[in-house]
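As provided, run27.csv (CSV, C-alpha atoms and all ligand atoms) reads as follows.
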chain,number,residue,atom,x,y,z
C,1,MET,CA,41.4,-20.4,88.1
C,2,ARG,CA,38.1,-19.3,86.6
C,3,HIS,CA,35.3,-21.7,87.3
C,4,PRO,CA,34.6,-23.7,84.0
C,5,GLU,CA,30.9,-23.1,84.4
C,6,GLU,CA,31.7,-19.4,83.7
C,7,GLN,CA,32.0,-20.5,80.1
C,8,TYR,CA,28.3,-21.3,80.1
C,9,LEU,CA,27.4,-18.1,82.0
C,10,ASP,CA,29.4,-16.1,79.5
C,11,ILE,CA,27.3,-17.6,76.6
C,12,VAL,CA,24.1,-16.8,78.5
C,13,ARG,CA,25.2,-13.3,79.2
C,14,HIS,CA,26.3,-12.8,75.6
C,15,LEU,CA,22.9,-13.9,74.4
C,16,LEU,CA,21.1,-11.6,76.8
C,17,GLU,CA,23.2,-8.6,75.7
C,18,LYS,CA,23.9,-9.2,72.1
C,19,GLY,CA,21.8,-12.2,70.9
C,20,ASP,CA,20.2,-11.9,67.4
C,21,ARG,CA,16.4,-11.7,68.0
C,22,ARG,CA,14.6,-14.0,65.6
C,23,ILE,CA,11.6,-16.2,65.0
C,24,ASP,CA,12.3,-19.9,65.2
C,25,ARG,CA,10.5,-23.1,64.2
C,26,THR,CA,8.6,-23.3,67.5
C,27,GLY,CA,7.1,-19.8,67.2
C,28,VAL,CA,8.4,-18.9,70.6
C,29,GLY,CA,11.3,-16.7,69.3
C,30,THR,CA,14.9,-16.7,70.5
C,31,LEU,CA,18.0,-14.6,71.0
C,32,SER,CA,20.6,-16.4,69.1
C,33,MET,CA,24.3,-16.6,68.3
C,34,PHE,CA,26.2,-18.8,65.8
C,35,GLY,CA,29.2,-20.7,67.0
C,36,ALA,CA,30.2,-21.3,70.6
C,37,MET,CA,32.6,-23.6,72.4
C,38,MET,CA,33.0,-24.8,76.0
C,39,ARG,CA,35.8,-27.1,77.3
C,40,PHE,CA,35.7,-29.2,80.4
C,41,ASP,CA,38.8,-30.9,81.9
C,42,LEU,CA,37.5,-34.2,83.3
C,43,SER,CA,40.9,-35.7,84.1
C,44,ALA,CA,40.5,-35.2,87.9
C,45,GLY,CA,37.1,-36.8,88.1
C,46,ASP,CA,35.1,-33.6,87.8
C,47,PHE,CA,31.5,-34.1,86.6
C,48,PRO,CA,30.3,-30.9,84.8
C,49,VAL,CA,26.8,-30.7,86.3
C,50,PHE,CA,26.1,-27.0,86.4
C,51,THR,CA,25.6,-25.5,89.8
C,52,THR,CA,23.9,-22.1,89.2
C,53,LYS,CA,20.6,-24.0,89.1
C,54,LYS,CA,19.7,-27.5,90.2
C,55,VAL,CA,20.3,-29.9,87.3
C,56,PHE,CA,18.6,-33.3,87.3
C,57,TRP,CA,21.7,-35.1,86.3
C,58,LYS,CA,20.2,-38.5,86.8
C,59,THR,CA,17.5,-37.7,84.2
C,60,ALA,CA,20.1,-36.5,81.7
C,61,VAL,CA,22.3,-39.6,82.3
C,62,LYS,CA,19.3,-41.9,82.0
C,63,GLU,CA,18.5,-40.3,78.7
C,64,MET,CA,22.1,-41.1,77.5
C,65,LEU,CA,21.7,-44.7,78.7
C,66,TRP,CA,18.4,-44.8,76.7
C,67,PHE,CA,20.2,-43.6,73.6
C,68,LEU,CA,22.8,-46.3,74.0
C,69,THR,CA,20.1,-49.0,74.1
C,70,GLY,CA,19.1,-48.0,70.6
C,71,GLN,CA,15.5,-47.5,71.6
C,72,THR,CA,13.3,-44.7,70.2
C,73,ASN,CA,10.0,-45.2,72.0
C,74,ILE,CA,9.2,-42.9,75.0
C,75,GLN,CA,7.6,-45.9,76.7
C,76,SER,CA,11.0,-47.1,78.0
C,77,LEU,CA,11.8,-43.5,79.1
C,78,LEU,CA,8.5,-43.2,81.0
C,79,ARG,CA,9.2,-46.5,82.8
C,80,GLU,CA,12.3,-44.7,84.2
C,81,ASN,CA,10.0,-41.7,85.0
C,82,ILE,CA,11.6,-39.5,82.4
C,83,ARG,CA,9.1,-37.1,80.9
C,84,ILE,CA,11.3,-34.8,78.9
C,85,TRP,CA,10.4,-36.3,75.5
C,86,THR,CA,6.6,-36.6,76.0
C,87,ASP,CA,5.7,-33.2,74.5
C,88,TRP,CA,6.5,-34.2,70.9
C,89,PRO,CA,4.4,-37.4,70.6
C,90,LEU,CA,1.7,-35.7,72.7
C,91,ASP,CA,1.5,-32.8,70.3
C,92,LYS,CA,1.3,-35.1,67.4
C,93,TYR,CA,-1.4,-37.2,69.0
C,94,ARG,CA,-3.5,-34.1,69.9
C,95,LYS,CA,-3.3,-32.7,66.4
C,96,ALA,CA,-4.1,-36.1,64.8
C,97,THR,CA,-7.1,-37.0,67.0
C,98,GLY,CA,-8.4,-33.6,68.2
C,99,GLU,CA,-8.5,-35.1,71.7
C,100,ALA,CA,-7.6,-32.7,74.5
C,101,ILE,CA,-5.8,-35.4,76.5
C,102,SER,CA,-3.6,-34.3,79.4
C,103,GLN,CA,0.1,-35.1,79.5
C,104,GLU,CA,-0.5,-37.4,82.6
C,105,ASP,CA,-3.3,-39.4,80.9
C,106,PHE,CA,-1.3,-39.7,77.7
C,107,GLU,CA,1.8,-41.0,79.6
C,108,ALA,CA,-0.4,-43.4,81.6
C,109,ARG,CA,-1.8,-44.8,78.3
C,110,ILE,CA,1.7,-45.2,76.8
C,111,LEU,CA,2.8,-47.1,79.8
C,112,ALA,CA,-0.3,-49.3,80.1
C,113,ASP,CA,-1.0,-50.1,76.4
C,114,ASP,CA,1.8,-51.5,74.3
C,115,ALA,CA,-0.1,-51.2,71.0
C,116,PHE,CA,-0.9,-47.5,71.8
C,117,ALA,CA,2.8,-47.0,72.7
C,118,GLU,CA,3.9,-48.5,69.4
C,119,THR,CA,1.6,-46.2,67.4
C,120,TRP,CA,1.9,-43.0,69.3
C,121,GLY,CA,5.1,-43.3,71.5
C,122,ASP,CA,7.7,-43.7,68.9
C,123,LEU,CA,9.9,-40.8,68.0
C,124,GLY,CA,11.1,-42.3,64.7
C,125,PRO,CA,14.7,-43.1,63.9
C,126,VAL,CA,16.3,-40.7,66.4
C,127,TYR,CA,19.6,-40.8,68.2
C,128,GLY,CA,19.5,-44.4,69.5
C,129,LYS,CA,18.6,-45.9,66.1
C,130,GLN,CA,21.3,-44.0,64.3
C,131,TRP,CA,24.0,-44.7,66.8
C,132,ARG,CA,23.4,-48.4,67.0
C,133,ARG,CA,21.5,-49.4,63.8
C,134,TRP,CA,22.3,-46.9,61.1
C,135,ARG,CA,20.9,-48.4,57.9
C,136,ASP,CA,22.9,-48.1,54.7
C,137,ALA,CA,21.6,-48.2,51.1
C,138,GLU,CA,21.9,-52.0,51.0
C,139,GLY,CA,19.8,-52.3,54.2
C,140,ARG,CA,22.8,-53.4,56.3
C,141,GLU,CA,22.8,-52.0,59.9
C,142,HIS,CA,25.9,-50.3,61.4
C,143,ASP,CA,26.6,-50.1,65.1
C,144,GLN,CA,28.6,-46.9,65.2
C,145,VAL,CA,29.2,-47.0,68.9
C,146,ALA,CA,30.5,-50.5,69.0
C,147,GLY,CA,32.7,-49.6,66.0
C,148,ILE,CA,34.3,-46.7,67.8
C,149,ILE,CA,35.0,-48.8,70.9
C,150,ASP,CA,36.7,-51.4,68.6
C,151,THR,CA,38.8,-48.7,66.9
C,152,LEU,CA,39.8,-47.2,70.2
C,153,LYS,CA,41.2,-50.6,71.2
C,154,THR,CA,42.9,-51.4,67.9
C,155,ASN,CA,43.8,-48.1,66.3
C,156,PRO,CA,43.5,-45.3,68.8
C,157,SER,CA,45.5,-42.8,66.8
C,158,SER,CA,42.8,-42.8,64.2
C,159,ARG,CA,41.3,-39.5,63.1
C,160,ARG,CA,38.2,-41.2,62.0
C,161,MET,CA,36.6,-42.0,65.3
C,162,LEU,CA,33.2,-40.5,65.2
C,163,PHE,CA,29.5,-41.3,65.2
C,164,HIS,CA,26.8,-39.3,63.7
C,165,ALA,CA,23.0,-39.0,63.9
C,166,TRP,CA,22.3,-36.8,60.9
C,167,ASN,CA,21.0,-39.6,58.6
C,168,VAL,CA,19.8,-37.5,55.7
C,169,ALA,CA,17.6,-40.2,54.3
C,170,GLU,CA,15.6,-40.6,57.5
C,171,LEU,CA,15.3,-37.0,58.8
C,172,ASP,CA,11.7,-36.7,57.7
C,173,GLN,CA,10.7,-39.7,59.9
C,174,MET,CA,12.2,-38.2,63.0
C,175,ALA,CA,10.1,-36.4,65.6
C,176,LEU,CA,12.9,-33.9,65.9
C,177,HIS,CA,16.1,-33.6,63.8
C,178,PRO,CA,19.2,-34.5,65.8
C,179,CYS,CA,20.6,-31.6,67.8
C,180,HIS,CA,23.8,-33.1,69.3
C,181,MET,CA,24.8,-34.8,66.1
C,182,THR,CA,28.5,-35.5,65.8
C,183,TYR,CA,30.5,-37.3,68.6
C,184,GLN,CA,34.2,-37.4,67.8
C,185,PHE,CA,36.8,-39.1,69.9
C,186,HIS,CA,40.5,-38.5,70.2
C,187,VAL,CA,43.3,-40.1,72.2
C,188,ALA,CA,46.3,-38.3,73.5
C,189,GLY,CA,49.4,-39.5,75.3
C,190,LEU,CA,49.7,-42.8,73.4
C,191,GLY,CA,53.5,-43.2,73.5
C,192,GLN,CA,53.8,-42.7,77.3
C,193,ASP,CA,54.6,-45.9,79.2
C,194,ASP,CA,54.0,-44.4,82.7
C,195,ARG,CA,50.5,-43.1,82.1
C,196,ARG,CA,47.3,-44.4,80.5
C,197,PRO,CA,46.2,-42.6,77.3
C,198,ARG,CA,43.7,-39.8,77.6
C,199,LEU,CA,40.4,-40.0,75.8
C,200,SER,CA,38.7,-36.8,74.8
C,201,LEU,CA,35.3,-36.2,73.2
C,202,MET,CA,34.2,-33.3,71.0
C,203,VAL,CA,30.5,-33.0,70.4
C,204,LEU,CA,29.0,-30.8,67.7
C,205,GLN,CA,25.5,-29.6,68.6
C,206,ARG,CA,23.9,-27.8,65.6
C,207,SER,CA,21.2,-26.3,67.7
C,208,CYS,CA,21.1,-25.6,71.4
C,209,ASP,CA,18.5,-24.5,73.9
C,210,ILE,CA,20.9,-22.9,76.2
C,211,LEU,CA,18.7,-22.9,79.3
C,212,LEU,CA,17.1,-26.3,79.2
C,213,GLY,CA,19.1,-28.3,76.7
C,214,ALA,CA,22.8,-27.4,77.4
C,215,PRO,CA,22.9,-28.4,81.1
C,216,PHE,CA,21.5,-31.8,80.3
C,217,ASN,CA,23.6,-32.3,77.2
C,218,ILE,CA,26.9,-31.4,78.8
C,219,CYS,CA,26.6,-33.7,81.8
C,220,GLN,CA,25.2,-36.6,79.7
C,221,GLN,CA,28.1,-36.2,77.2
C,222,ALA,CA,30.6,-36.3,80.1
C,223,ALA,CA,28.9,-39.5,81.3
C,224,LEU,CA,29.3,-41.0,77.9
C,225,LEU,CA,33.0,-40.1,77.9
C,226,ALA,CA,33.5,-41.7,81.3
C,227,MET,CA,31.8,-44.9,80.1
C,228,VAL,CA,33.7,-45.2,76.9
C,229,ALA,CA,37.1,-44.4,78.6
C,230,GLN,CA,36.4,-47.1,81.1
C,231,GLN,CA,35.6,-49.6,78.5
C,232,VAL,CA,38.8,-49.0,76.6
C,233,ASP,CA,41.0,-48.6,79.7
C,234,MET,CA,41.9,-45.0,79.2
C,235,GLU,CA,41.7,-41.8,81.4
C,236,PRO,CA,39.0,-39.3,80.6
C,237,GLY,CA,40.6,-36.2,79.1
C,238,GLU,CA,38.5,-33.2,77.9
C,239,LEU,CA,34.9,-32.8,76.9
C,240,ILE,CA,34.8,-30.2,74.2
C,241,TRP,CA,31.3,-28.9,73.3
C,242,ALA,CA,30.8,-26.9,70.1
C,243,GLY,CA,27.4,-25.3,69.4
C,244,GLY,CA,26.0,-24.1,66.1
C,245,ASP,CA,22.8,-22.0,66.6
C,246,VAL,CA,23.0,-21.4,70.3
C,247,HIS,CA,19.9,-19.7,71.6
C,248,LEU,CA,17.9,-18.4,74.5
C,249,TYR,CA,14.1,-18.7,74.1
C,250,LEU,CA,12.3,-15.5,74.7
C,251,ASN,CA,10.2,-17.1,77.4
C,252,HIS,CA,13.4,-17.9,79.3
C,253,LEU,CA,14.8,-14.4,79.7
C,254,GLU,CA,13.9,-13.9,83.4
C,255,GLN,CA,15.2,-17.3,84.3
C,256,ALA,CA,18.5,-16.6,82.4
C,257,ARG,CA,19.0,-13.2,84.2
C,258,GLU,CA,18.4,-15.0,87.5
C,259,GLN,CA,20.9,-17.7,86.6
C,260,VAL,CA,23.7,-15.4,85.6
C,261,SER,CA,23.4,-13.5,88.8
C,262,ARG,CA,24.5,-16.6,90.7
C,263,ARG,CA,28.0,-17.7,91.5
C,264,PRO,CA,29.0,-21.3,90.7
C,265,TYR,CA,29.9,-23.9,93.3
C,266,PRO,CA,32.7,-26.4,92.6
C,267,PHE,CA,31.6,-29.2,90.3
C,268,PRO,CA,30.8,-32.6,91.8
C,269,LYS,CA,33.0,-35.6,91.3
C,270,VAL,CA,31.9,-38.7,89.4
C,271,ARG,CA,33.1,-42.3,89.8
C,272,LEU,CA,31.9,-45.4,88.1
C,273,ALA,CA,31.1,-48.0,90.8
C,274,ARG,CA,32.0,-51.1,88.6
C,275,LYS,CA,33.2,-51.9,85.2
C,276,PRO,CA,30.4,-53.5,83.2
C,277,ASP,CA,31.3,-56.1,80.5
C,278,SER,CA,30.2,-53.8,77.6
C,279,ILE,CA,29.0,-50.3,76.8
C,280,ASP,CA,25.5,-51.8,76.8
C,281,ALA,CA,25.5,-52.8,80.5
C,282,TYR,CA,25.7,-49.5,82.4
C,283,ARG,CA,23.0,-48.6,84.8
C,284,ILE,CA,22.2,-45.3,86.5
C,285,GLU,CA,23.4,-46.9,89.8
C,286,ASP,CA,26.9,-47.2,88.4
C,287,PHE,CA,27.3,-43.4,88.6
C,288,GLU,CA,28.5,-42.4,92.0
C,289,VAL,CA,28.3,-38.6,92.1
C,290,SER,CA,29.6,-36.9,95.2
C,291,GLY,CA,29.6,-33.3,96.4
C,292,TYR,CA,26.9,-31.9,94.2
C,293,VAL,CA,25.9,-28.5,95.7
C,294,SER,CA,23.8,-26.2,93.6
C,295,HIS,CA,21.6,-23.1,93.7
C,296,ASP,CA,17.8,-23.7,93.6
C,297,ARG,CA,16.0,-25.2,90.5
C,298,ILE,CA,14.8,-22.7,87.9
C,299,ASP,CA,11.6,-23.8,86.1
C,300,ALA,CA,11.1,-23.0,82.5
C,301,PRO,CA,8.7,-24.0,79.8
C,302,VAL,CA,10.0,-26.1,76.9
C,303,ALA,CA,9.5,-24.9,73.3
C,304,VAL,CA,7.9,-27.7,71.3
C,401,LIG,N1,13.1,-26.7,73.0
C,401,LIG,C1,13.8,-27.8,73.3
C,401,LIG,N2,14.8,-27.8,74.2
C,401,LIG,C2,15.4,-28.9,74.5
C,401,LIG,O1,16.3,-28.9,75.3
C,401,LIG,C3,15.0,-30.2,73.9
C,401,LIG,C4,14.0,-30.1,73.0
C,401,LIG,N3,13.4,-28.9,72.7
C,401,LIG,N4,13.5,-31.3,72.4
C,401,LIG,C5,14.2,-32.5,72.6
C,401,LIG,C6,14.9,-32.6,73.9
C,401,LIG,C7,14.1,-32.7,75.1
C,401,LIG,N5,15.0,-32.1,76.1
C,401,LIG,C8,14.5,-31.5,77.3
C,401,LIG,C9,13.2,-31.3,77.5
C,401,LIG,C10,12.8,-30.8,78.7
C,401,LIG,C11,13.7,-30.5,79.7
C,401,LIG,C12,13.2,-29.9,81.0
C,401,LIG,O2,12.1,-29.6,81.1
C,401,LIG,N6,14.1,-29.9,82.0
C,401,LIG,C13,13.7,-29.3,83.3
C,401,LIG,C14,13.1,-30.3,84.2
C,401,LIG,C15,13.7,-31.7,84.2
C,401,LIG,C16,12.9,-32.7,85.0
C,401,LIG,O3,11.9,-32.4,85.6
C,401,LIG,O4,13.5,-33.8,85.1
C,401,LIG,C17,14.9,-28.7,84.0
C,401,LIG,O5,14.8,-27.9,84.9
C,401,LIG,O6,16.0,-29.0,83.5
C,401,LIG,C18,15.1,-30.7,79.5
C,401,LIG,C19,15.5,-31.2,78.3
C,401,LIG,C20,16.2,-31.7,75.4
C,401,LIG,N7,15.6,-31.4,74.1
C,402,LIG,O1,19.4,-32.5,73.2
C,402,LIG,C1,18.8,-31.5,72.8
C,402,LIG,C2,17.7,-31.6,72.0
C,402,LIG,C3,17.2,-30.5,71.5
C,402,LIG,N1,17.6,-29.2,71.9
C,402,LIG,C4,16.9,-28.0,71.4
C,402,LIG,C5,17.6,-27.1,70.4
C,402,LIG,C6,16.4,-26.4,69.8
C,402,LIG,O2,15.9,-25.4,70.7
C,402,LIG,C7,15.3,-27.5,69.8
C,402,LIG,C8,15.3,-28.2,68.4
C,402,LIG,O3,14.7,-27.4,67.4
C,402,LIG,P1,15.3,-27.3,65.9
C,402,LIG,O4,14.4,-26.4,65.2
C,402,LIG,O5,15.3,-28.7,65.4
C,402,LIG,O6,16.7,-26.8,66.0
C,402,LIG,O7,15.7,-28.4,70.8
C,402,LIG,C9,18.7,-29.1,72.7
C,402,LIG,O8,19.2,-28.0,73.1
C,402,LIG,N2,19.3,-30.3,73.2

Mind converting the file's structure to structure tokens?
Amino acid sequence: MRHPEEQYLDIVRHLLEKGDRRIDRTGVGTLSMFGAMMRFDLSAGDFPVFTTKKVFWKTAVKEMLWFLTGQTNIQSLLRENIRIWTDWPLDKYRKATGEAISQEDFEARILADDAFAETWGDLGPVYGKQWRRWRDAEGREHDQVAGIIDTLKTNPSSRRMLFHAWNVAELDQMALHPCHMTYQFHVAGLGQDDRRPRLSLMVLQRSCDILLGAPFNICQQAALLAMVAQQVDMEPGELIWAGGDVHLYLNHLEQAREQVSRRPYPFPKVRLARKPDSIDAYRIEDFEVSGYVSHDRIDAPVAV
């Protein structure tokens, strides 16, 4: 069987060969395509951490755990030593104050000074806020994630099990508009007495940085599926990833050529070490990943 990571390498190859060259919001420029899909069968415990470069899967899963807490300030990410979101508040701070502060000094201040973090470290109502506390027109808050877990337990054949981050009324307050925006769940095998039902997840990502974003997004979405499946006592089925504007930044071309020249290793396996009481209680230590073998890391600058 073809290695599932080849789906990713095919997209990267397609972008290199046939991508539409265009200017983007960041000014870096991209090679882009519209519409792509990857499917990963997770039923045998595979964890889709790409192997043709080293992927820092713990960082990606910690970011997912941070979304689930509902928090939106980078202070709590930095406490976990996750620095992938610093560029946006840092950019805003530099533009507002004219101060040529380094990333390290800015991060140190966010960590040390709560008032500073509150003013400068918040990303606005991004993923976590929308997932856990979506505000409606009457000011009521909706916990979309808890709602889905409840529906999975009570009405698993529903076709309405999804959560969404594209809150139109609040887009202008977000540091970045949501990229992975719709998470839809589906249960198969409900009528079978001898087997547990299989839970699948389809994510719509309207915009995807194929080199830096996708490897993180895929493995963190697989982690989410594993957690939700465990909470509702089902087997993980498939992760289906659908991309809208899928692009390769023009300053990632060399890195992409290097990556597609490599052959994938088998995916690692993932196991959850315990079953926490709720979706809110997972920790990074709960993810037991075994057999992750990869090619070397590939460094690339992030477009802000
Ligand atoms: N242009 C762009 N691409 C993205 O993937 C992206 C954004 N912007 N903005 C919001 C978040 C931040 N994300 C990021 C940002 C940086 C890395 C990154 O630099 N990854 C490196 C190093 C990771 C580490 O040191 O832990 C990598 O090699 O994967 C990954 C995802 C994903 N998202
Ligand atoms: O989880 C994420 C978050 C962001 N991205 C990428 C996709 C784009 O390159 C930028 C966002 O820019 P927009 O102009 O808002 O589309 O960030 C990602 O791949 N994964």

Give me the residues of chain C that have any atom at most 9 Å from an atom of ligand LIG 402 (chain C); for each, the nearest atom pair and the distance in Å, rounded to one decimal. Use all atoms listed in the file, sort by chain and number, and format it as a Markdown table.
| residue | atom | partner | partner_atom | distance |
| --- | --- | --- | --- | --- |
| C:Asp24 | CA | C:LIG402 | O4 | 6.8 |
| C:Arg25 | CA | C:LIG402 | O4 | 5.2 |
| C:Thr26 | CA | C:LIG402 | O4 | 7.0 |
| C:Thr30 | CA | C:LIG402 | O2 | 8.8 |
| C:Leu176 | CA | C:LIG402 | O5 | 5.7 |
| C:His177 | CA | C:LIG402 | O5 | 5.2 |
| C:Pro178 | CA | C:LIG402 | O5 | 7.0 |
| C:Cys179 | CA | C:LIG402 | C2 | 5.1 |
| C:His180 | CA | C:LIG402 | O1 | 5.9 |
| C:Gln205 | CA | C:LIG402 | N2 | 7.8 |
| C:Arg206 | CA | C:LIG402 | O6 | 7.3 |
| C:Ser207 | CA | C:LIG402 | C5 | 4.6 |
| C:Cys208 | CA | C:LIG402 | O8 | 3.5 |
| C:Asp209 | CA | C:LIG402 | O8 | 3.7 |
| C:Ile210 | CA | C:LIG402 | O8 | 6.2 |
| C:Leu211 | CA | C:LIG402 | O8 | 8.0 |
| C:Leu212 | CA | C:LIG402 | O8 | 6.7 |
| C:Gly213 | CA | C:LIG402 | O8 | 3.6 |
| C:Ala214 | CA | C:LIG402 | O8 | 5.6 |
| C:Pro215 | CA | C:LIG402 | O8 | 8.8 |
| C:Phe216 | CA | C:LIG402 | O1 | 7.4 |
| C:Asn217 | CA | C:LIG402 | O1 | 5.8 |
| C:Asp245 | CA | C:LIG402 | O6 | 7.8 |
| C:Val246 | CA | C:LIG402 | C5 | 7.9 |
| C:His247 | CA | C:LIG402 | O2 | 7.0 |
| C:Leu248 | CA | C:LIG402 | O2 | 8.2 |
| C:Tyr249 | CA | C:LIG402 | O2 | 7.7 |
| C:Val302 | CA | C:LIG402 | O2 | 8.6 |
| C:Ala303 | CA | C:LIG402 | O2 | 6.9 |
| C:Val304 | CA | C:LIG402 | C7 | 7.6 |

Exercise for the section: Write out as a PyMOL selection string which residues come within 9 Å of segment 159-169 of chain C when counting all atoms listed in the file, dropping same-chain ones fewer than 2 positions away. Expected result: chain C and resi 125-131+134-135+144-145+147-149+151-152+156-157+171-173+177-186

Practice task
Find, counting only C-alpha atoms, the residue in C:Trp241, C:Leu15, C:Trp120, C:Pro301 that gets nearest to Lys92 of chain C.
Solution key: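 Comparing C:Trp241, C:Leu15, C:Trp120, C:Pro301 against Lys92 of chain C, the winner is C:Trp120.
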
Handout entry: Shell around Ser200 of chain C at 8 Å using all atoms listed in the file, local window under 6 positions removed, as a ChimeraX atom specification
Key = /C:185-188,225,236-240

Handout entry: Residue nearest ligand LIG 401 (chain C) - candidates C:Gly244, C:Pro89, C:Gly189, C:Pro4, atoms counted: all atoms listed in the file
Key =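 Selected residue with least distance to ligand LIG 401 (chain C): C:Pro89.
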
Exercise for the section: Find the residues near Ala300 of chain C: any atom within 8 Å, counting all atoms listed in the file, skip ones fewer than 5 places away on the same chain, and give them as a count of residues only. Expected result: 4

Handout entry: Selection near Lys18 of chain C, 9 Å with all atoms listed in the file, sequence-local residues under 2 positions removed, as a list in words
Key = Arg13, His14, Leu15, Leu16, Asp20, Arg21, Leu31, Ser32 and Met33 of chain C

Problem - One-decimal distance in Å that lies between atom CA of Val293 of chain C and atom CA of Pro266 of chain C - result: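 We find that atom CA of Pro266 of chain C and atom CA of Val293 of chain C lie 7.8 Å from each other.
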
Completion exercise
A straight line from atom N1 of ligand LIG 401 (chain C) to atom CA of Met64 of chain C spans 17.6 Å

Exercise for the section: Would you work out the distance separating atom O1 of ligand LIG 401 (chain C) from atom CA of Phe67 of chain C, expressed in Å to one decimal? Expected result: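 For atom O1 of ligand LIG 401 (chain C) relative to atom CA of Phe67 of chain C, the distance reads 15.3 Å.
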
Problem - Distance query Thr119 of chain C at most 12 Å, only C-alpha atoms, self and fewer than 5 positions along chain excluded, as a PyMOL selection string - result: chain C and resi 73-75+89-90+92-93+96+109-110+113-114+124

Counting only C-alpha atoms, select every polymer residue within 10 Å of (28.0, -32.8, 98.8) as defined in the file's coordinates, and provide the selection as a PDB file with C-alpha atoms, in the frame of the given file.
ATOM      1  CA  PHE C 267      31.600 -29.200  90.300  1.00  0.00           C
ATOM      2  CA  PRO C 268      30.800 -32.600  91.800  1.00  0.00           C
ATOM      3  CA  LYS C 269      33.000 -35.600  91.300  1.00  0.00           C
ATOM      4  CA  VAL C 289      28.300 -38.600  92.100  1.00  0.00           C
ATOM      5  CA  SER C 290      29.600 -36.900  95.200  1.00  0.00           C
ATOM      6  CA  GLY C 291      29.600 -33.300  96.400  1.00  0.00           C
ATOM      7  CA  TYR C 292      26.900 -31.900  94.200  1.00  0.00           C
ATOM      8  CA  VAL C 293      25.900 -28.500  95.700  1.00  0.00           C
ATOM      9  CA  SER C 294      23.800 -26.200  93.600  1.00  0.00           C
TER      10      SER C 294
END

Problem - Of the listed residues C:Asp150, C:Glu63, C:Asp193, C:Asp46, that which approaches ligand LIG 401 (chain C) most closely, counting all atoms listed in the file - result: C:Glu63

Exercise for the section: Could you tell me which of C:Asp280, C:Glu285, C:Glu80, C:Glu6 comes closest to ligand LIG 401 (chain C) if we count all atoms listed in the file? Expected result: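 Among the listed residues, C:Glu80 lies closest to ligand LIG 401 (chain C).
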
Exercise for the section: Go through C:Arg262, C:Arg271, C:His3, C:Arg133 and flag the residue nearest Ala222 of chain C, using all atoms listed in the file for the distances. Expected result: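 Among the listed residues, the smallest separation from Ala222 of chain C belongs to C:Arg271.
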
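Candidate residues C:Gln7, C:Gln192, C:Gln231, C:Thr52 were compared for distance to ligand LIG 401 (chain C), and the nearest is C:Thr52, using only C-alpha atoms and all ligand atoms.
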
Return segment 145-156 of chain C, completed with N, CA and C atoms, as a compact mmCIF listing (two decimals), keeping the file's coordinate frame.
# COMPACT_ATOMS: atom_id res chain seq x y z
N VAL C 145 28.56 -47.08 67.62
CA VAL C 145 29.20 -47.00 68.90
C VAL C 145 30.13 -48.15 69.17
N ALA C 146 29.67 -49.36 68.84
CA ALA C 146 30.50 -50.50 69.00
C ALA C 146 31.77 -50.38 68.08
N GLY C 147 31.57 -49.80 66.90
CA GLY C 147 32.70 -49.60 66.00
C GLY C 147 33.76 -48.70 66.57
N ILE C 148 33.33 -47.66 67.26
CA ILE C 148 34.30 -46.70 67.80
C ILE C 148 35.07 -47.39 68.99
N ILE C 149 34.35 -48.14 69.79
CA ILE C 149 35.00 -48.80 70.90
C ILE C 149 36.07 -49.79 70.35
N ASP C 150 35.72 -50.45 69.28
CA ASP C 150 36.70 -51.40 68.60
C ASP C 150 37.88 -50.61 68.09
N THR C 151 37.64 -49.50 67.42
CA THR C 151 38.80 -48.70 66.90
C THR C 151 39.64 -48.16 67.99
N LEU C 152 39.02 -47.73 69.08
CA LEU C 152 39.80 -47.20 70.20
C LEU C 152 40.75 -48.27 70.75
N LYS C 153 40.30 -49.52 70.68
CA LYS C 153 41.20 -50.60 71.20
C LYS C 153 42.24 -51.00 70.20
N THR C 154 41.93 -50.88 68.91
CA THR C 154 42.90 -51.40 67.90
C THR C 154 43.69 -50.38 67.19
N ASN C 155 43.16 -49.17 67.09
CA ASN C 155 43.80 -48.10 66.30
C ASN C 155 43.55 -46.75 66.87
N PRO C 156 43.98 -46.54 68.13
CA PRO C 156 43.50 -45.30 68.80
C PRO C 156 44.08 -44.02 68.30
